[in-house]
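Visitor: Just so it is clear, I am handing over input-v8.cif, which has mmCIF, C-alpha atoms.
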data_upload
#
loop_
_atom_site.label_atom_id
_atom_site.label_comp_id
_atom_site.auth_asym_id
_atom_site.auth_seq_id
_atom_site.Cartn_x
_atom_site.Cartn_y
_atom_site.Cartn_z
CA MET A 152 12.10 -25.67 -70.60
CA SER A 153 10.08 -27.91 -68.28
CA ARG A 154 6.35 -28.53 -67.82
CA LEU A 155 5.06 -28.69 -64.22
CA VAL A 156 1.47 -29.73 -63.42
CA TYR A 157 -0.27 -28.66 -60.23
CA ARG A 158 -3.46 -30.59 -59.42
CA HIS A 159 -6.09 -29.04 -57.16
CA PRO A 160 -8.45 -31.48 -55.41
CA GLY A 161 -11.47 -29.18 -55.67
CA PRO A 162 -13.94 -28.94 -58.54
CA SER A 163 -12.40 -25.69 -59.80
CA LEU A 164 -9.42 -23.44 -59.28
CA SER A 165 -11.52 -20.47 -58.32
CA ALA A 166 -10.91 -21.03 -54.58
CA CYS A 167 -7.23 -21.93 -55.03
CA THR A 168 -4.32 -19.50 -54.85
CA ILE A 169 -1.10 -20.66 -56.47
CA ARG A 170 2.09 -18.83 -55.40
CA VAL A 171 4.97 -19.13 -57.80
CA GLY A 172 8.36 -17.89 -56.55
CA SER A 173 10.50 -15.58 -58.58
CA ASN A 174 13.20 -18.21 -58.79
CA LEU A 175 11.03 -20.35 -61.14
CA HIS A 176 11.11 -17.71 -63.92
CA VAL A 177 7.64 -18.75 -65.21
CA LEU A 178 7.23 -18.34 -68.95
CA SER A 179 3.49 -19.15 -69.18
CA MET A 180 0.68 -20.62 -67.09
CA THR A 181 -2.60 -22.16 -68.21
CA PHE A 182 -5.55 -23.32 -66.15
CA GLY A 183 -8.11 -25.91 -67.17
CA TYR A 184 -10.52 -28.52 -65.94
CA ASN A 185 -9.67 -32.13 -66.69
CA ARG A 186 -12.71 -34.35 -66.74
CA GLY A 187 -10.65 -37.49 -66.62
CA LEU A 188 -9.18 -36.52 -63.31
CA THR A 189 -10.77 -35.32 -60.14
CA GLY A 190 -10.17 -31.60 -59.69
CA SER A 191 -8.57 -28.88 -61.74
CA ALA A 192 -5.03 -28.53 -62.98
CA ALA A 193 -2.53 -25.74 -63.62
CA VAL A 194 0.22 -26.23 -66.14
CA ILE A 195 3.34 -24.14 -65.45
CA TYR A 196 6.12 -23.71 -68.00
CA CYS A 197 9.45 -22.61 -66.48
CA ASP A 198 13.12 -22.29 -67.45
CA THR A 199 14.82 -25.17 -65.62
CA ASP A 200 18.33 -24.09 -66.62
CA ARG A 201 18.07 -20.78 -64.84
CA LEU A 202 16.24 -22.51 -61.99
CA GLY A 203 19.10 -25.02 -61.60
CA SER A 204 21.72 -22.29 -61.62
CA ARG A 205 19.83 -20.39 -58.95
CA LEU A 206 19.51 -23.51 -56.80
CA LYS A 207 23.24 -24.22 -57.16
CA ALA A 208 24.03 -20.64 -56.21
CA ALA A 209 21.82 -20.91 -53.12
CA ARG A 210 23.49 -24.16 -52.09
CA GLY A 211 26.91 -22.58 -52.62
CA ALA A 212 25.95 -19.59 -50.45
CA ARG A 213 24.85 -21.95 -47.67
CA VAL A 214 28.17 -23.79 -47.85
CA ILE A 215 30.07 -20.50 -47.73
CA PHE A 216 28.12 -19.34 -44.68
CA LYS A 217 28.69 -22.70 -42.94
CA ASP A 218 32.42 -22.50 -43.61
CA ALA A 219 32.51 -18.91 -42.39
CA PHE A 220 30.73 -19.79 -39.14
CA ARG A 221 33.02 -22.80 -38.71
CA ASN A 222 36.09 -20.63 -39.15
CA ILE A 223 34.76 -18.02 -36.75
CA ALA A 224 34.07 -20.70 -34.14
CA HIS A 225 37.56 -22.16 -34.66
CA TYR A 226 39.47 -18.90 -34.39
CA SER A 227 37.34 -17.56 -31.53
CA ALA A 228 37.76 -20.72 -29.44
CA PRO A 229 40.74 -19.35 -27.44
CA LEU A 230 38.81 -16.15 -26.74
CA ARG A 231 35.76 -18.13 -25.62
CA ARG A 232 37.91 -20.34 -23.40
CA PHE A 233 39.46 -17.24 -21.86
CA GLY A 234 35.99 -15.73 -21.31
CA ALA A 235 34.93 -18.85 -19.43
CA SER A 236 38.05 -18.90 -17.24
CA ALA A 237 38.45 -17.58 -13.72
CA ILE A 238 41.07 -15.09 -14.90
CA ALA A 239 38.55 -13.42 -17.22
CA ARG A 240 36.07 -13.13 -14.36
CA LEU A 241 38.70 -11.51 -12.15
CA VAL A 242 39.69 -9.08 -14.91
CA VAL A 243 36.07 -8.08 -15.57
CA LEU A 244 35.43 -7.79 -11.83
CA ALA A 245 38.46 -5.53 -11.35
CA VAL A 246 37.53 -3.37 -14.34
CA GLY A 247 33.92 -3.07 -13.19
CA LEU A 248 34.82 -2.06 -9.64
CA LEU A 249 37.38 0.45 -10.90
CA ALA A 250 34.83 1.95 -13.29
CA MET A 251 32.22 2.16 -10.51
CA THR A 252 34.74 3.89 -8.24
CA ALA A 253 35.84 6.30 -10.97
CA ALA A 254 32.22 7.17 -11.77
CA THR A 255 31.82 8.69 -8.29
CA GLU A 256 34.55 11.26 -9.05
CA PRO A 257 32.94 14.39 -10.57
CA VAL A 258 36.01 15.21 -12.66
CA LEU A 259 36.27 11.72 -14.15
CA GLN A 260 32.51 11.50 -14.62
CA GLN A 261 32.52 14.74 -16.59
CA ALA A 262 35.56 13.83 -18.69
CA ALA A 263 34.83 10.14 -19.43
CA GLY A 264 31.31 9.50 -18.20
CA VAL A 265 30.17 7.84 -21.44
CA TRP A 266 33.11 5.42 -21.45
CA LEU A 267 32.67 4.59 -17.77
CA ASN A 268 28.97 3.84 -18.28
CA ALA A 269 29.74 1.71 -21.33
CA CYS A 270 32.36 -0.20 -19.33
CA LEU A 271 29.88 -0.80 -16.50
CA TRP A 272 27.19 -2.04 -18.87
CA CYS A 273 29.67 -4.39 -20.58
CA CYS A 274 30.68 -5.83 -17.20
CA LEU A 275 27.02 -6.29 -16.29
CA ALA A 276 26.40 -8.06 -19.62
CA PHE A 277 29.37 -10.37 -18.97
CA PHE A 278 28.00 -11.35 -15.55
CA ALA A 279 24.53 -11.80 -17.03
CA VAL A 280 25.86 -14.22 -19.66
CA GLU A 281 27.86 -16.04 -17.00
CA SER A 282 24.76 -16.40 -14.81
CA ALA A 283 22.72 -17.62 -17.78
CA VAL A 284 25.35 -20.28 -18.51
CA ARG A 285 25.27 -21.43 -14.88
CA ALA A 286 21.46 -21.56 -14.89
CA ARG A 287 21.44 -23.50 -18.18
CA ALA A 288 23.92 -26.03 -16.80
CA ALA A 289 21.81 -26.42 -13.65
CA PHE A 290 18.66 -26.86 -15.77
CA ARG A 291 20.29 -29.62 -17.80
CA VAL A 292 21.10 -31.66 -14.70
CA GLY A 293 17.73 -30.90 -13.08
CA THR A 294 19.02 -28.73 -10.21
CA ILE A 295 17.71 -25.35 -11.35
CA GLY A 296 15.69 -24.85 -8.16
CA SER A 297 18.55 -25.60 -5.82
CA TYR A 298 20.84 -23.37 -7.90
CA PHE A 299 18.64 -20.28 -7.52
CA PHE A 300 18.45 -20.75 -3.74
CA SER A 301 22.12 -21.61 -3.31
CA PRO A 302 24.63 -18.93 -2.20
CA SER A 303 26.20 -18.95 -5.67
CA GLY A 304 22.83 -18.49 -7.36
CA LEU A 305 21.83 -15.67 -5.02
CA VAL A 306 25.12 -13.89 -5.71
CA ASP A 307 24.52 -14.24 -9.46
CA MET A 308 20.98 -12.84 -9.25
CA ILE A 309 22.00 -9.93 -7.01
CA GLY A 310 24.91 -9.07 -9.29
CA VAL A 311 22.72 -9.09 -12.42
CA PHE A 312 19.40 -7.60 -11.24
CA ALA A 313 20.38 -5.15 -8.48
CA VAL A 314 21.51 -2.31 -10.79
CA PRO A 315 18.65 -2.60 -13.36
CA ILE A 316 16.05 -2.69 -10.57
CA ALA A 317 17.60 0.38 -8.95
CA LEU A 318 17.56 2.24 -12.29
CA TRP A 319 13.96 1.13 -12.92
CA ALA A 320 12.97 2.39 -9.45
CA GLY A 321 14.14 5.87 -10.41
CA LEU A 322 17.37 6.16 -8.47
CA PRO A 323 20.07 8.41 -9.96
CA PRO A 324 22.60 6.46 -12.05
CA THR A 325 25.46 7.36 -9.71
CA THR A 326 23.47 5.86 -6.82
CA ALA A 327 22.11 2.87 -8.76
CA TRP A 328 25.56 1.80 -9.93
CA LEU A 329 26.69 1.60 -6.31
CA PHE A 330 24.83 -1.70 -6.22
CA ALA A 331 27.56 -2.98 -8.53
CA SER A 332 29.67 -3.27 -5.40
CA PHE A 333 27.82 -6.57 -4.84
CA TRP A 334 29.95 -7.94 -7.69
CA VAL A 335 32.78 -8.34 -5.19
CA LEU A 336 30.81 -11.24 -3.70
CA LYS A 337 31.72 -13.24 -6.80
CA LEU A 338 35.18 -13.69 -5.30
CA GLY A 339 33.60 -16.18 -2.92
CA GLN A 340 32.03 -18.31 -5.67
CA ASN A 341 33.73 -21.68 -6.01
CA SER A 342 36.60 -20.57 -3.78
CA PRO A 343 38.10 -23.51 -1.84
CA ALA A 344 39.93 -21.16 0.53
CA LEU A 345 36.76 -19.29 1.56
CA ALA A 346 34.91 -22.59 1.85
CA GLN A 347 37.65 -23.80 4.19
CA ILE A 348 37.38 -20.63 6.30
CA GLY A 349 33.62 -21.08 6.50
CA ARG A 350 34.09 -24.66 7.67
CA VAL A 351 36.51 -23.43 10.35
CA PHE A 352 33.89 -21.00 11.66
CA VAL A 353 31.32 -23.81 11.75
CA LEU A 354 33.64 -26.22 13.58
CA GLU A 355 34.84 -23.59 16.06
CA ALA A 356 31.39 -22.09 16.63
CA LYS A 357 31.20 -22.99 20.35
CA PRO A 358 34.59 -21.52 21.36
CA LEU A 359 33.94 -18.40 19.28
CA THR A 360 30.51 -18.01 20.86
CA GLY A 361 32.11 -18.17 24.32
CA VAL A 362 34.65 -15.48 23.37
CA PHE A 363 31.89 -13.27 21.95
CA ALA A 364 29.84 -13.70 25.15
CA LEU A 365 32.90 -12.66 27.19
CA PHE A 366 33.27 -9.61 24.93
CA LEU A 367 29.65 -8.59 25.51
CA ILE A 368 29.97 -9.04 29.29
CA ILE A 369 33.05 -6.81 29.49
CA LEU A 370 31.47 -4.31 27.08
CA PHE A 371 28.28 -3.69 29.05
CA LEU A 372 29.85 -3.84 32.52
CA SER A 373 32.63 -1.40 31.58
CA SER A 374 30.22 1.03 29.89
CA ALA A 375 27.91 1.03 32.94
CA ALA A 376 30.86 1.54 35.30
CA MET A 377 32.29 4.40 33.22
CA TYR A 378 28.86 6.02 33.01
CA ALA A 379 28.61 5.97 36.80
CA ILE A 380 32.17 7.33 37.25
CA GLU A 381 32.37 10.10 34.60
CA ARG A 382 28.80 11.29 33.97
CA GLU A 383 28.94 14.19 36.46
CA GLN A 384 32.33 15.53 35.39
CA GLN A 385 31.85 14.90 31.63
CA PRO A 386 28.12 15.01 30.79
CA GLY A 387 28.90 15.25 27.07
CA PRO A 388 30.85 12.06 26.25
CA PHE A 389 29.62 10.07 29.27
CA GLY A 390 26.25 11.68 30.04
CA THR A 391 24.23 8.72 28.74
CA LEU A 392 24.71 4.99 28.72
CA PRO A 393 24.82 4.77 24.87
CA ALA A 394 27.60 7.40 24.88
CA ALA A 395 29.54 5.37 27.46
CA LEU A 396 28.86 2.25 25.39
CA TRP A 397 30.55 3.92 22.41
CA TRP A 398 33.61 4.59 24.58
CA ALA A 399 33.63 0.95 25.71
CA VAL A 400 33.52 -0.34 22.11
CA VAL A 401 36.35 1.95 21.02
CA THR A 402 38.48 1.03 24.03
CA LEU A 403 37.74 -2.69 24.03
CA THR A 404 38.72 -2.98 20.37
CA THR A 405 41.95 -1.05 21.22
CA THR A 406 41.10 1.56 18.57
CA GLY A 407 41.15 4.64 20.82
CA TYR A 408 39.81 7.54 18.79
CA GLY A 409 40.44 9.94 21.67
CA ASP A 410 37.03 11.67 21.41
CA ALA A 411 36.02 10.39 24.89
CA VAL A 412 38.70 10.12 27.58
CA PRO A 413 38.12 9.55 31.31
CA LEU A 414 39.51 12.24 33.63
CA ARG A 415 39.12 10.71 37.08
CA PRO A 416 41.77 8.29 38.42
CA LEU A 417 39.18 5.55 38.82
CA GLY A 418 38.19 6.10 35.18
CA HIS A 419 41.83 5.76 34.13
CA LEU A 420 42.09 2.48 36.02
CA LEU A 421 38.89 1.17 34.41
CA GLY A 422 40.10 2.22 30.97
CA ALA A 423 43.41 0.34 31.41
CA PHE A 424 41.53 -2.78 32.53
CA VAL A 425 39.19 -2.60 29.51
CA MET A 426 42.13 -2.25 27.08
CA ILE A 427 43.86 -5.31 28.57
CA CYS A 428 40.61 -7.27 28.35
CA GLY A 429 40.23 -6.23 24.71
CA ILE A 430 43.70 -7.50 23.82
CA ALA A 431 43.03 -10.78 25.64
CA THR A 432 39.64 -11.23 23.93
CA PHE A 433 40.96 -10.72 20.43
CA GLY A 434 43.99 -12.86 21.23
CA LEU A 435 41.65 -15.69 22.21
CA SER A 436 39.56 -15.40 19.06
CA THR A 437 42.66 -15.21 16.85
CA GLY A 438 44.16 -18.29 18.51
CA ILE A 439 40.93 -20.25 18.10
CA LEU A 440 40.65 -19.38 14.40
CA ALA A 441 44.35 -20.04 13.71
CA THR A 442 44.22 -23.42 15.45
CA GLY A 443 41.03 -24.38 13.66
CA PHE A 444 42.41 -23.30 10.29
CA ALA A 445 45.61 -25.29 10.82
CA ALA A 446 43.64 -28.36 11.92
CA GLU A 447 41.34 -28.08 8.90
CA SER A 448 44.33 -27.74 6.56
CA ARG A 449 45.94 -30.83 8.09
CA ARG A 450 42.70 -32.76 7.80
CA ARG A 451 42.28 -31.85 4.13
CA ASN A 452 45.92 -32.64 3.34
CA PHE A 453 45.63 -35.93 5.22
CA ILE A 454 42.58 -36.96 3.18
CA GLN A 455 44.26 -36.06 -0.10
CA THR A 456 47.52 -37.76 0.86
CA TRP A 457 45.66 -40.86 2.08
CA ASP A 458 43.93 -41.13 -1.29
CA LEU A 459 47.27 -40.88 -3.08
CA VAL A 460 49.04 -43.33 -0.77
CA SER A 461 46.29 -45.92 -1.13
CA LYS A 462 46.76 -45.84 -4.92
CA VAL A 463 50.52 -46.51 -4.78
CA PRO A 464 51.01 -50.27 -5.39
CA PHE A 465 53.96 -50.32 -3.03
CA PHE A 466 51.67 -49.55 -0.05
CA GLN A 467 48.57 -51.52 -1.05
CA SER A 468 49.62 -54.57 0.95
CA LEU A 469 49.71 -52.59 4.23
CA ASP A 470 46.90 -52.46 6.74
CA PRO A 471 44.98 -49.18 7.37
CA SER A 472 46.94 -48.37 10.54
CA ALA A 473 50.24 -48.57 8.66
CA ILE A 474 48.88 -46.43 5.83
CA THR A 475 47.72 -43.87 8.40
CA GLU A 476 51.20 -43.78 9.90
CA ILE A 477 52.83 -43.38 6.50
CA THR A 478 50.34 -40.68 5.50
CA HIS A 479 51.43 -38.56 8.46
CA MET A 480 55.06 -38.92 7.36
CA LEU A 481 54.68 -38.15 3.66
CA ARG A 482 54.59 -34.67 2.15
CA ARG A 483 52.80 -34.04 -1.10
CA LEU A 484 54.51 -32.06 -3.87
CA GLU A 485 52.93 -30.88 -7.13
CA VAL A 486 55.61 -30.55 -9.82
CA PRO A 487 55.15 -29.10 -13.33
CA GLU A 488 56.51 -30.64 -16.50
CA ARG A 489 60.29 -30.69 -17.20
CA THR A 490 61.31 -29.81 -13.66
CA ALA A 491 64.51 -31.18 -12.11
CA ILE A 492 63.75 -33.13 -8.94
CA ILE A 493 67.18 -34.64 -8.21
CA ARG A 494 70.58 -33.54 -9.48
CA ARG A 495 73.59 -35.83 -9.69
CA GLY A 496 76.23 -35.14 -7.04
CA LYS A 497 73.88 -33.48 -4.54
CA VAL A 498 73.45 -34.84 -1.03
CA GLY A 499 70.19 -36.76 -0.69
CA ASP A 500 68.01 -36.52 2.41
CA CYS A 501 64.69 -37.92 1.12
CA MET A 502 63.12 -40.35 -1.33
CA TYR A 503 60.12 -39.89 -3.61
CA PHE A 504 57.03 -41.93 -4.45
CA ILE A 505 55.19 -41.14 -7.71
CA ALA A 506 51.48 -40.80 -7.02
CA ALA A 507 50.65 -39.47 -10.49
CA GLY A 508 52.66 -38.49 -13.55
CA GLU A 509 56.02 -39.66 -14.85
CA VAL A 510 59.74 -38.93 -14.31
CA GLN A 511 62.86 -39.71 -16.28
CA VAL A 512 66.02 -40.99 -14.58
CA ASP A 513 69.11 -40.07 -16.60
CA VAL A 514 71.21 -43.21 -16.27
CA LYS A 515 73.66 -44.37 -18.90
CA PRO A 516 73.49 -45.72 -21.49
CA THR A 517 69.66 -45.42 -21.71
CA PRO A 518 67.46 -43.15 -19.55
CA VAL A 519 64.71 -44.90 -17.61
CA ARG A 520 61.16 -43.61 -17.19
CA LEU A 521 59.17 -44.32 -14.03
CA GLY A 522 55.41 -43.97 -13.83
CA ALA A 523 52.75 -43.83 -11.14
CA GLY A 524 53.40 -46.23 -8.27
CA ALA A 525 57.19 -46.26 -8.62
CA PHE A 526 59.72 -44.63 -6.30
CA PHE A 527 63.20 -43.17 -6.67
CA GLY A 528 65.90 -41.56 -4.57
CA GLU A 529 66.16 -44.53 -2.21
CA ILE A 530 69.79 -45.38 -3.05
CA ALA A 531 71.04 -42.20 -1.40
CA LEU A 532 69.20 -43.17 1.80
CA LEU A 533 70.40 -46.79 1.86
CA GLY A 534 74.09 -46.27 1.16
CA ASP A 535 76.03 -43.31 -0.10
CA SER A 536 74.15 -40.07 0.55
CA VAL A 537 75.23 -38.57 -2.79
CA ARG A 538 72.72 -38.65 -5.65
CA SER A 539 73.84 -40.84 -8.54
CA ALA A 540 71.56 -39.60 -11.36
CA ASN A 541 69.46 -36.67 -12.52
CA VAL A 542 65.70 -37.06 -12.27
CA THR A 543 63.32 -34.81 -14.25
CA THR A 544 59.56 -34.83 -14.69
CA THR A 545 58.24 -35.53 -18.18
CA MET A 546 54.70 -34.35 -17.37
CA PRO A 547 52.91 -32.63 -14.47
CA SER A 548 53.37 -35.02 -11.56
CA THR A 549 52.32 -35.51 -7.96
CA LEU A 550 55.10 -36.79 -5.71
CA LEU A 551 55.07 -38.00 -2.10
CA ILE A 552 58.26 -37.12 -0.21
CA LEU A 553 59.63 -39.25 2.64
CA ASP A 554 62.41 -37.58 4.64
CA LEU A 555 65.44 -39.46 5.94
CA ALA A 556 64.35 -39.41 9.61
CA ASP A 557 60.85 -40.61 8.70
CA PHE A 558 62.38 -43.22 6.37
CA ARG A 559 64.38 -44.70 9.23
CA THR A 560 61.33 -44.69 11.52
CA LEU A 561 59.20 -46.32 8.82
CA THR A 562 61.71 -49.06 8.04
CA ALA A 563 62.19 -49.73 11.77
CA HIS A 564 58.43 -50.20 12.30
CA HIS A 565 57.85 -52.08 9.05
CA PRO A 566 60.81 -54.35 8.15
CA ASP A 567 58.95 -55.72 5.12
CA ILE A 568 58.99 -52.24 3.55
CA LYS A 569 62.73 -52.03 4.15
CA ARG A 570 63.27 -55.42 2.53
CA ALA A 571 61.19 -54.42 -0.50
CA ILE A 572 63.10 -51.14 -0.91
CA ASP A 573 66.45 -52.93 -0.52
CA ALA A 574 65.48 -55.53 -3.11
CA GLU A 575 64.39 -52.87 -5.61
CA ALA A 576 67.55 -50.85 -5.01
CA GLN A 577 69.75 -53.92 -5.58
CA ARG A 578 67.84 -54.82 -8.73
CA ARG A 579 68.29 -51.32 -10.14
CA ALA A 580 72.00 -51.25 -9.21
CA SER A 581 72.64 -54.64 -10.87
CA GLU A 582 70.70 -53.62 -13.98
CA ASN A 583 72.66 -50.39 -14.27
CA GLN A 584 75.91 -52.36 -13.85
CA ARG A 585 74.84 -54.83 -16.52
CA LEU A 586 74.02 -52.01 -18.96
CA ARG A 587 77.34 -50.30 -18.35
CA GLU A 588 79.51 -53.41 -18.95
CA PRO A 589 79.04 -53.53 -22.78
CA GLN A 590 79.80 -49.81 -22.97
CA ARG A 591 83.03 -50.30 -20.98
CA ALA A 592 84.02 -53.30 -23.07
CA GLY A 593 83.47 -51.30 -26.26
CA GLY A 594 85.58 -48.45 -24.92
CA ALA A 595 88.43 -50.85 -23.98
CA GLY A 596 88.35 -52.42 -27.44
CA LEU A 597 88.62 -49.02 -29.10
CA SER A 598 91.54 -48.11 -26.91
#
Could you rewrite the structure in this file as structure tokens?
Guide:
Amino acid sequence: MSRLVYRHPGPSLSACTIRVGSNLHVLSMTFGYNRGLTGSAAVIYCDTDRLGSRLKAARGARVIFKDAFRNIAHYSAPLRRFGASAIARLVVLAVGLLAMTAATEPVLQQAAGVWLNACLWCCLAFFAVESAVRARAAFRVGTIGSYFFSPSGLVDMIGVFAVPIALWAGLPPTTAWLFASFWVLKLGQNSPALAQIGRVFVLEAKPLTGVFALFLIILFLSSAAMYAIEREQQPGPFGTLPAALWWAVVTLTTTGYGDAVPLRPLGHLLGAFVMICGIATFGLSTGILATGFAAESRRRNFIQTWDLVSKVPFFQSLDPSAITEITHMLRRLEVPERTAIIRRGKVGDCMYFIAAGEVQVDVKPTPVRLGAGAFFGEIALLGDSVRSANVTTTMPSTLLILDLADFRTLTAHHPDIKRAIDAEAQRRASENQRLREPQRAGGAGLS
């Protein structure tokens, strides 16, 4: 048993309320006024043994809960990583769009309407959590304002709030959930390919504007001409200029629904001319976009290859013009772990520079590992064209490939590179010969 004293600073305990928890197991309590001290005092007698056991039990429960939460966090880590991945977003997007499409079928809505609605709400919750995570990350770095007004932020807000606002406005659920079709815009978030296409449209804006202007000129002139030619004989499909404009759009895009067809010979001639112009117009726009896309791909690959080439120690002594020339010759190759690059006995037509990663050359008696900045496969280009060893990656690697024709051009323009490659090839050949001699001597002694 223990004696606890509570001192109240006032003259009496009449204005003081003392709360004693049930865990103290109070046996008795006395109040009194102590003249030797300022204020009143309450003496509390409690069972400290039971109090200690309760406190130990509470601490044990806290430890158990902490361990449980730690175990849950540990075992749910793969699931959380999957939820944050792009694959999970694609899966949820596909499931949500399929559920929205199925909900418009009366038979499916009647048979599994509850499950479809639950699936749609789960997809909406997933996108809401994803948007909240993006907003939180933007808030931490101080770019929350720019995030909300960025294309990615607008897509997130439309995907999360469009359906609830439509339901709140009183639209039928089948109509409100049609706004979930905006989820498909999430395919464009953080997509390098779509960003590259957008850059192509920006760079080729002037040529595309000229093609679009040519399209509009042919469209309006052909519709006015067809209206003047066919309006008396066919007042239905060509009786007004908007009706003739519809025919011009259908014909110029080479769709040809067949709902409006000219009957006069001059109308036939005009129709043939409009179809040819439509093919030419779309051919021009396709050529412009294809050329721009190819140029943008080459530019991006050149920048990435330049960065890799500049980090290879073998090329660091070259001037920028030489590096530019080499960059145009080299091809980049991303190789996963434990992939065979070269096989012994095969004919070699290229050499490799290691921009990142590591490879293992299987030479006897001891395999050799080469890291970033090294090169291999040059012996087949300098002498015998047959590969002399197997080469395999030991980790994901980035290689730069130099073909035989480009190798000869490069060594002709830069003799110092040829001398360096020859010296390294001779050093490797002599080292391999030196390592093989003890093995041969041991084999002769055994024989």
Visitor: Please evaluate the PyMOL selection byres ((chain A and resi 248) around 9) against the structure above and give the resulting residues as a ChimeraX atom specification.
Guide: /A:243-247,249-253,271,331-332,334-335
Visitor: Would you work out the distance separating CA of Thr404 in chain A from CA of Ala431 in chain A, expressed in Å to one decimal?
Guide: 10.4 Å
Visitor: Selection in question (the file shown): the PyMOL selection byres ((chain A and resi 447-449) around 12). Which residues does it include, as a short mmCIF file (atom, residue, chain, number, x, y, z; two decimals) with C-alpha atoms, in the coordinates of the input?
Guide:
data_model
loop_
_atom_site.label_atom_id
_atom_site.label_comp_id
_atom_site.auth_asym_id
_atom_site.auth_seq_id
_atom_site.Cartn_x
_atom_site.Cartn_y
_atom_site.Cartn_z
CA PRO A 343 38.10 -23.51 -1.84
CA ALA A 344 39.93 -21.16 0.53
CA ALA A 346 34.91 -22.59 1.85
CA GLN A 347 37.65 -23.80 4.19
CA ILE A 348 37.38 -20.63 6.30
CA GLY A 349 33.62 -21.08 6.50
CA ARG A 350 34.09 -24.66 7.67
CA VAL A 351 36.51 -23.43 10.35
CA PHE A 352 33.89 -21.00 11.66
CA VAL A 353 31.32 -23.81 11.75
CA LEU A 354 33.64 -26.22 13.58
CA GLU A 355 34.84 -23.59 16.06
CA LEU A 440 40.65 -19.38 14.40
CA ALA A 441 44.35 -20.04 13.71
CA THR A 442 44.22 -23.42 15.45
CA GLY A 443 41.03 -24.38 13.66
CA PHE A 444 42.41 -23.30 10.29
CA ALA A 445 45.61 -25.29 10.82
CA ALA A 446 43.64 -28.36 11.92
CA ARG A 450 42.70 -32.76 7.80
CA ARG A 451 42.28 -31.85 4.13
CA ASN A 452 45.92 -32.64 3.34
CA PHE A 453 45.63 -35.93 5.22
CA ILE A 454 42.58 -36.96 3.18
CA GLN A 455 44.26 -36.06 -0.10
CA THR A 456 47.52 -37.76 0.86
CA TRP A 457 45.66 -40.86 2.08
CA THR A 478 50.34 -40.68 5.50
CA HIS A 479 51.43 -38.56 8.46
CA ARG A 482 54.59 -34.67 2.15
CA ARG A 483 52.80 -34.04 -1.10
#
Visitor: So what does the PyMOL selection byres ((chain A and resi 358-372) around 12) actually pick up in this one, as JSON, numbers by chain?
Guide: {"A": [351, 352, 353, 354, 355, 356, 357, 373, 374, 375, 376, 377, 378, 379, 392, 393, 394, 395, 396, 397, 398, 399, 400, 401, 402, 403, 404, 421, 422, 424, 425, 426, 427, 428, 429, 430, 431, 432, 433, 434, 435, 436, 437, 438, 439, 440, 441, 442, 443]}
Visitor: Padding 6 Å on every side, please: axis-aligned box over the listed atoms of range 346-355 of chain A, centre and edge lengths to one decimal in Å, as JSON.
Guide:
{"center_x": 34.5, "center_y": -23.4, "center_z": 9.0, "size_x": 18.3, "size_y": 17.6, "size_z": 26.2}
Visitor: At what distance in Å, to one decimal, does CA of Leu329 in chain A lie from CA of Gly296 in chain A?
Guide: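 Computed distance, CA of Gly296 in chain A to CA of Leu329 in chain A, equals 28.7 Å.
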Visitor: Give me, please, the distance in Å between CA of Leu521 in chain A and CA of Leu555 in chain A, quoted to one decimal.
Guide: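 Interatomic distance, CA of Leu521 in chain A to CA of Leu555 in chain A: 21.5 Å.
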Visitor: Tell me, as a PyMOL selection string, which residues lie within 7 Å of Glu509 in chain A, counting all atoms listed in the file; anything in the same chain fewer than 4 positions away does not count.
Guide: chain A and resi 520-523+544-546+548
Visitor: From the list A:Gly293, A:Phe277, A:Asp557, A:Glu575, which residue is nearest Val242 in chain A when using all atoms listed in the file?
Guide: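 Counting all atoms listed in the file, the residue closest to Val242 in chain A is A:Phe277.
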Visitor: Neighbours of range 487-498 of chain A within 8 Å (all atoms listed in the file; same-chain residues fewer than 3 positions away dropped), as a list in words?
Guide: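 The neighbour list is Gly528, Ala531, Ser536, Val537, Arg538, Ser539, Ala540, Asn541, Val542, Thr543, Thr544, Thr545, Met546, Pro547 and Ser548 of chain A.
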Visitor: Atoms are missing here; could range 278-284 of chain A be completed with N, CA and C atoms and written as a PDB file, in the coordinates of the input?
Guide:
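Contents of out-v4.pdb, as written:
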ATOM      1  N   PHE A 278      28.508 -10.588 -16.697  1.00  0.00           N
ATOM      2  CA  PHE A 278      28.000 -11.350 -15.550  1.00  0.00           C
ATOM      3  C   PHE A 278      26.626 -11.933 -15.837  1.00  0.00           C
ATOM      4  N   ALA A 279      25.831 -11.243 -16.664  1.00  0.00           N
ATOM      5  CA  ALA A 279      24.530 -11.800 -17.030  1.00  0.00           C
ATOM      6  C   ALA A 279      24.685 -13.060 -17.867  1.00  0.00           C
ATOM      7  N   VAL A 280      25.607 -13.023 -18.837  1.00  0.00           N
ATOM      8  CA  VAL A 280      25.860 -14.220 -19.660  1.00  0.00           C
ATOM      9  C   VAL A 280      26.403 -15.353 -18.795  1.00  0.00           C
ATOM     10  N   GLU A 281      27.310 -15.018 -17.882  1.00  0.00           N
ATOM     11  CA  GLU A 281      27.860 -16.040 -17.000  1.00  0.00           C
ATOM     12  C   GLU A 281      26.769 -16.681 -16.145  1.00  0.00           C
ATOM     13  N   SER A 282      25.857 -15.862 -15.613  1.00  0.00           N
ATOM     14  CA  SER A 282      24.760 -16.400 -14.810  1.00  0.00           C
ATOM     15  C   SER A 282      23.825 -17.254 -15.646  1.00  0.00           C
ATOM     16  N   ALA A 283      23.583 -16.825 -16.901  1.00  0.00           N
ATOM     17  CA  ALA A 283      22.720 -17.620 -17.780  1.00  0.00           C
ATOM     18  C   ALA A 283      23.347 -18.978 -18.084  1.00  0.00           C
ATOM     19  N   VAL A 284      24.656 -19.011 -18.269  1.00  0.00           N
ATOM     20  CA  VAL A 284      25.350 -20.280 -18.510  1.00  0.00           C
ATOM     21  C   VAL A 284      25.237 -21.192 -17.299  1.00  0.00           C
TER      22      VAL A 284
END
